[in-house]
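Reviewing the structure listed below.
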Amino acid sequence: MKNLIIVESPAKAKTIKNFLNSDFEVIASKGHIRDLPKSHFGIKIEQGEFIPEYKIDKDHKDIVAKITSLAKKAKVTYIATDEDREGEAIGFHITQAIGRDVESFPRIVFHEITKTAINNALKSPRNIDMDKVNAQQARRLLDRIVGFKLSGLISSKINRGLSAGRVQSAALKIIVDREREIRAFVPVEYYTIDALFSGGIQAELAVYEGEKLKKQGITDKKLAQSMLEELKKSSYQVGEILKKTKKSPTPPPFMTSTLQQSASSLLGYSPSRTMSIAQKLYEGVETNKGVMGVITYMRTDSLHIAQEAQESAREKILSDFGKEYLPPKPKNYATKSKNAQEAHEAIRPTDVAFTPQIAKAYLKPDELRVYTLIYHRFLASQMVDAVFESQSITFVCAKGVFKASGRKLIFDGYYKLLGSEDKDKLLPDLMPESPIKLEEIQSNQHTTEPPARYSEASLIKTLEGLGIGRPSTYAPTVSLLQNREYIIVEKKQIFAQESAFKVVEMLEVYFNEIVDAKFSASMEDKLDDIAQNKADWQKVLIEFYEPFMQKITDGKLHIPSQKVIVPTGEFCPQCGKELVKRSGKYGEFVACSGYPKCKYIQPQESPQTPVEEGGELCEKCGKPMVKKRGRNGEFIACSGYPECKNTKSLKNPSGKAQVSLEVKCPECGGDILLRKSRRGAFYGCGNYPQCNFISNHEPIEKKCPECGYMMAQRTYRGKNICECIKCKHRIEM
């Protein structure tokens, strides 16, 4: 008779099985085996108590039958799902689905999937934590109540297909508010006066006639010009010289939010992609020591590091970098989140001996990039601080004071591992009160910039700072907003769509608590209290439900419809009722006013305009070519459609999904083309498949000074750079 271990992921099951002998059988539930039904509300409310109607979905019926059969035969059945609330709830639902008491299943948890961690967990099982289970149930029911009831109301009042949610709507308001700021922004012109002193020292006017200039500079052009003329006539001497030594503290190891932010900024990965890769690294990949999890659990808001991990990191630092890079004692970091579970760990490699250099032979490219990010960040967190000397010199005349700043790296510390984009800006050694020559002076015009749109990384940082959501919800929230087409992400910027404004405007007036960040954060605190046995989950639900449902009832009666319905004067060919123009999720359309009894929708023709007067003719039938708009934007098509279906790309009239850059391939000399595939745009050699040259960034006619290969232009940490396609050597543009 074998022991049975139940996990949620097949990959995790496969990894664990490698560490155990034949006395154990490991099976995966493949996620949640029970959930609320998709077709209806699925929550009964009887005498103030919420009773969820959990159902086993058809995709899990076979696996539930198999688990039930194995559990009956097993000597001991262990629940080994993930250590967070979601994992606790999955374990609970497994026990209920196979008809056994919760207490009859020992629960084991581990922060990493390694042989040592698995064996230690088996030595110290516990019971399923029903407080965590109830916290997850409360979250699930809250989200169903808001999503089901409020989404239906919004669809009836604005447009079908729109939705709202407890976390998604609070996040959406943050995005919409930023878009409102940008739209309302009025640019202001201002002027700075910049000087160049002998020795190549650049300085900016900081004080004029005893008054410190504002950050926005001088807003009057004439005043700036008169100040410039006065300063040109002045003679200058060196004023105050200040030098300070500053430390650049080591960054803490990653937790969920900071990993997602860094992967977005440095690798260009979306939060969902980052978490998918991290999940694989946690559950198990091939290594030089066999299949094992190479990082600790990736959904965490803790910065705690196990003592053994700190010790192994310190040994690695001493071996690779020397004692000057090793602090006197291990570094510990305070977790900002007041509800973070310190029993959990930060995200770190499970074995520092599995270096990125070794991992390169085993991991896929995207897995290696994320693993390297985690590995280097963890090791850097245990190194010494970097040390800089900041420098400040003033240049004084009768009318004003110019200020120049510089800094130099004295000791690189953790930069030895992570590298630094900061360049030394050294100022020459000068003597106070010594004269200095003004080489050049000019007034420069500037314009204030609107606040930047959120990126996925900065949105997650904001959500975390406001206490909206938890580590497991950041990536799904951003993905949901995209799937609902409330936002689009272009060039790492989040743009709110008009549907987002409509929904947020309605919620602000009638359901302000749903989009209020403080309310959302306080609800997260209540869920944390449930998990810590400080609050009753049924009481939390009823306190929210009763006033919320009263608002839903009032809203059905009093919220005016925002649907746009315009009579067309035409009549339905199916039932004879008048056709009306409606506004839907995908724009305007014409349909029968008898909906929902009559579902007739008038076929829409793509808007078309001639390419140009006396312009191109179709080479297939000779009719004029016209511009049309489809789901992928504008294109050129024959006006004889549907008889003639000839089409061409508007940007590339040759009809091919590729455009020449007039740059030669470094490998075969062929033309580099901008090409498109179902996975997006890329740059490749036109001689494919004979030549397989490919680049994700736009190649340019510039050779790398290090290896002589072709370079590409891209943006890195907000700067325009040239990067070698081969050796990755970077040069600022």
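Going through the structure tokens in order, the chains are called A, B, and so on, while each chain numbers its residues from 1 and the ligands are numbered from 1 in the order shown.
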
Problem set entry | Residue contacts of stretch 200-208 of chain A (6 Å, only C-alpha atoms) excluding same-chain residues fewer than 2 positions away, as a PyMOL selection string | chain A and resi 193-198+210-213+399-404

Problem set entry | Expected answer as a list in words: strand (DSSP E) residues in stretch 24-161 of chain A | Phe24, Glu25, Val26, Ile27, Ala28, Arg34, Asp35, Ile43, Lys44, Ile45, Glu46, Glu49, Phe50, Ile51, Pro52, Lys55, Ile56, Thr77, Tyr78 and Ile79 of chain A

For this session: Fewer than 3 positions away in the same chain doesn't count, so skip those; otherwise give me all residues within 10 Å of A:Gln382, counting only C-alpha atoms, as a list in words.
Result: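 Residues near the query, excluding close chain neighbours: Thr250, Pro251, Pro252, Pro253, Gln310, Glu311, Ala313, Arg314, Ile317, Tyr325, Leu326, Pro327, Lys329, Pro330, Lys331, Asn332, Arg377, Phe378, Leu379, Asp385 and Tyr414 of chain A.
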
Any chance you could export the current selection's C-alpha atoms as a PDB file, in the first residue's frame?
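Generated output (part_17.pdb):
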ATOM      1  CA  THR A 250      21.882  46.885  -2.049  1.00  0.00           C
ATOM      2  CA  PRO A 251      18.456  46.058  -3.495  1.00  0.00           C
ATOM      3  CA  PRO A 252      16.339  43.535  -1.591  1.00  0.00           C
ATOM      4  CA  PRO A 253      15.624  40.136  -3.161  1.00  0.00           C
ATOM      5  CA  GLN A 310      22.081  33.457   3.270  1.00  0.00           C
ATOM      6  CA  GLU A 311      25.062  31.341   4.256  1.00  0.00           C
ATOM      7  CA  ALA A 313      25.089  33.162  -0.839  1.00  0.00           C
ATOM      8  CA  ARG A 314      27.876  34.514   1.376  1.00  0.00           C
ATOM      9  CA  ILE A 317      30.217  35.950  -2.890  1.00  0.00           C
ATOM     10  CA  TYR A 325      32.431  42.436  -1.344  1.00  0.00           C
ATOM     11  CA  LEU A 326      31.135  40.478   1.663  1.00  0.00           C
ATOM     12  CA  PRO A 327      29.417  42.441   4.491  1.00  0.00           C
ATOM     13  CA  LYS A 329      27.005  39.867   8.689  1.00  0.00           C
ATOM     14  CA  PRO A 330      24.077  38.630   6.548  1.00  0.00           C
ATOM     15  CA  LYS A 331      21.641  41.260   5.322  1.00  0.00           C
ATOM     16  CA  ASN A 332      17.974  41.098   6.286  1.00  0.00           C
ATOM     17  CA  ARG A 377      19.236  40.026  -7.539  1.00  0.00           C
ATOM     18  CA  PHE A 378      19.425  37.511  -4.686  1.00  0.00           C
ATOM     19  CA  LEU A 379      23.223  37.396  -4.681  1.00  0.00           C
ATOM     20  CA  ASP A 385      26.720  48.637  -0.720  1.00  0.00           C
ATOM     21  CA  TYR A 414      26.975  45.047  -5.660  1.00  0.00           C
TER      22      TYR A 414
END

For this session: Mind checking which residues fall within 7 Å of A:Pro624, counting only C-alpha atoms, ignoring those fewer than 3 positions away in the same chain, and posting them as a PyMOL selection string?
Result: chain A and resi 616-618+638-639

Apply DSSP to the structure's backbone, then extract all residues of stretch 201-321 of chain A labelled helix (DSSP H, G or I) and return them as a compact mmCIF listing (two decimals) with C-alpha atoms, in the first residue's frame.
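File states_6.txt, as written:
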# COMPACT_ATOMS: atom_id res chain seq x y z
CA LYS A 221 10.92 84.90 -22.21
CA LYS A 222 11.77 88.61 -22.05
CA LEU A 223 12.86 88.30 -18.42
CA ALA A 224 15.06 85.32 -19.32
CA GLN A 225 16.68 87.32 -22.13
CA SER A 226 17.37 90.35 -19.91
CA MET A 227 18.84 88.09 -17.20
CA LEU A 228 21.02 86.44 -19.85
CA GLU A 229 22.40 89.81 -21.01
CA GLU A 230 23.25 90.82 -17.43
CA LEU A 231 24.98 87.51 -16.69
CA LYS A 232 27.04 87.69 -19.89
CA LYS A 233 28.71 90.87 -18.62
CA THR A 256 6.15 39.00 -6.71
CA SER A 257 5.50 42.66 -7.50
CA THR A 258 9.15 43.68 -7.86
CA LEU A 259 9.93 40.66 -10.04
CA GLN A 260 7.08 41.61 -12.36
CA GLN A 261 8.26 45.23 -12.45
CA SER A 262 11.88 44.38 -13.18
CA ALA A 263 11.00 41.78 -15.82
CA SER A 264 8.79 44.37 -17.51
CA SER A 265 11.42 47.14 -17.40
CA LEU A 266 14.52 45.07 -18.19
CA LEU A 267 13.17 42.19 -20.30
CA PRO A 271 3.36 40.28 -15.78
CA SER A 272 1.44 37.20 -16.94
CA ARG A 273 4.39 36.01 -19.04
CA THR A 274 6.80 36.57 -16.15
CA MET A 275 4.64 34.57 -13.75
CA SER A 276 4.18 31.76 -16.26
CA ILE A 277 7.96 31.43 -16.63
CA ALA A 278 8.53 31.70 -12.87
CA GLN A 279 5.92 28.96 -12.31
CA LYS A 280 7.93 26.60 -14.52
CA LEU A 281 11.17 27.46 -12.71
CA TYR A 282 9.46 26.77 -9.36
CA GLU A 283 7.74 23.53 -10.36
CA GLN A 307 19.50 31.37 7.11
CA GLU A 308 20.91 28.46 5.06
CA ALA A 309 20.29 30.42 1.85
CA GLN A 310 22.08 33.46 3.27
CA GLU A 311 25.06 31.34 4.26
CA SER A 312 25.33 29.73 0.82
CA ALA A 313 25.09 33.16 -0.84
CA ARG A 314 27.88 34.51 1.38
CA GLU A 315 30.13 31.58 0.49
CA LYS A 316 29.48 32.21 -3.20
CA ILE A 317 30.22 35.95 -2.89
CA LEU A 318 33.46 35.28 -1.00
CA SER A 319 34.53 32.71 -3.59
CA ASP A 320 33.63 34.76 -6.69
CA PHE A 321 34.29 38.35 -5.61

For this session: May I have the residues within 6 Å of stretch 235-238 of chain A as a list in words, using only C-alpha atoms and disregarding those fewer than 2 positions away in the same chain?
Result: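 So, after excluding close chain neighbours, the residues are Phe395, Val396, Cys397, Pro432, Glu433, Ser434, Pro435 and Ile436 of chain A.
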
Output N, CA and C atoms for every residue in the selection just made, as an mmCIF file, in the first residue's frame.
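Result file out.cif:
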data_model
loop_
_atom_site.group_PDB
_atom_site.id
_atom_site.type_symbol
_atom_site.label_atom_id
_atom_site.label_comp_id
_atom_site.auth_asym_id
_atom_site.auth_seq_id
_atom_site.Cartn_x
_atom_site.Cartn_y
_atom_site.Cartn_z
ATOM 1 N N PHE A 395 29.334 78.621 -8.868
ATOM 2 C CA PHE A 395 30.102 79.684 -9.533
ATOM 3 C C PHE A 395 29.322 80.978 -9.338
ATOM 4 N N VAL A 396 29.978 81.957 -8.740
ATOM 5 C CA VAL A 396 29.286 83.137 -8.232
ATOM 6 C C VAL A 396 29.683 84.382 -9.011
ATOM 7 N N CYS A 397 28.661 85.230 -9.276
ATOM 8 C CA CYS A 397 28.917 86.565 -9.808
ATOM 9 C C CYS A 397 28.031 87.540 -9.042
ATOM 10 N N PRO A 432 38.306 77.364 -3.835
ATOM 11 C CA PRO A 432 37.300 78.379 -3.537
ATOM 12 C C PRO A 432 37.850 79.789 -3.756
ATOM 13 N N GLU A 433 36.985 80.655 -4.259
ATOM 14 C CA GLU A 433 37.266 82.080 -4.503
ATOM 15 C C GLU A 433 38.253 82.313 -5.643
ATOM 16 N N SER A 434 38.647 81.257 -6.343
ATOM 17 C CA SER A 434 39.529 81.470 -7.493
ATOM 18 C C SER A 434 38.691 81.875 -8.704
ATOM 19 N N PRO A 435 39.208 82.776 -9.553
ATOM 20 C CA PRO A 435 38.444 83.214 -10.729
ATOM 21 C C PRO A 435 38.295 82.068 -11.728
ATOM 22 N N ILE A 436 37.203 82.101 -12.485
ATOM 23 C CA ILE A 436 36.965 81.092 -13.519
ATOM 24 C C ILE A 436 36.329 81.769 -14.720
#

Problem set entry | Close residues, A:Val176 itself excluded, 12 Å, only C-alpha atoms, min 4 positions apart in chain, as a ChimeraX atom specification | /A:169-172,180-183,453-454,459,481,486-487,494-505,508,515

Exercise. Leaving out A:Lys539 and any residue of its chain fewer than 5 positions from it, which residues lie within 10 Å of it when counting only C-alpha atoms, given as a list of chain:residue names?
Worked result: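 The filter keeps A:Gly48, A:Glu49, A:Phe50, A:Ala138, A:Phe544, A:Tyr545.
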
Expected file contents, prior selection, C-alpha atoms, as an mmCIF file, in the first residue's frame:
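So again34.cif came out as:
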data_model
loop_
_atom_site.group_PDB
_atom_site.id
_atom_site.type_symbol
_atom_site.label_atom_id
_atom_site.label_comp_id
_atom_site.auth_asym_id
_atom_site.auth_seq_id
_atom_site.Cartn_x
_atom_site.Cartn_y
_atom_site.Cartn_z
ATOM 1 C CA GLY A 48 -27.703 35.586 6.732
ATOM 2 C CA GLU A 49 -25.328 32.778 5.755
ATOM 3 C CA PHE A 50 -23.671 32.438 2.364
ATOM 4 C CA ALA A 138 -14.651 35.115 1.052
ATOM 5 C CA PHE A 544 -20.705 44.144 2.232
ATOM 6 C CA TYR A 545 -23.640 42.385 0.567
#

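Note that atom CA of A:Asp84 and atom CA of A:Arg299 are 7.8 Å apart.
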
Seminar exercise, completed: Residue with the minimum atom-to-atom distance to A:Ile488, picked from A:Asp129, A:Gly419, A:Ser455, A:Ser9 with only C-alpha atoms counted, is A:Ser455

Exercise. Which one is closest to A:Phe41: A:Pro125, A:Gly406, A:Gly147, A:Gly708? Count only C-alpha atoms.
Worked result: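 With only C-alpha atoms as the atom set, the closest residue is A:Gly147.
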
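If only C-alpha atoms are the atoms counted, then among A:Gly239, A:Pro596, A:Phe511, A:Lys623 the closest residue to A:Ile393 is A:Gly239.
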
For this session: Between atom CA of A:Cys704 and atom CA of A:Cys724, measure the distance and give it in Å to one decimal.
Result: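 We find that atom CA of A:Cys704 and atom CA of A:Cys724 lie 5.8 Å from each other.
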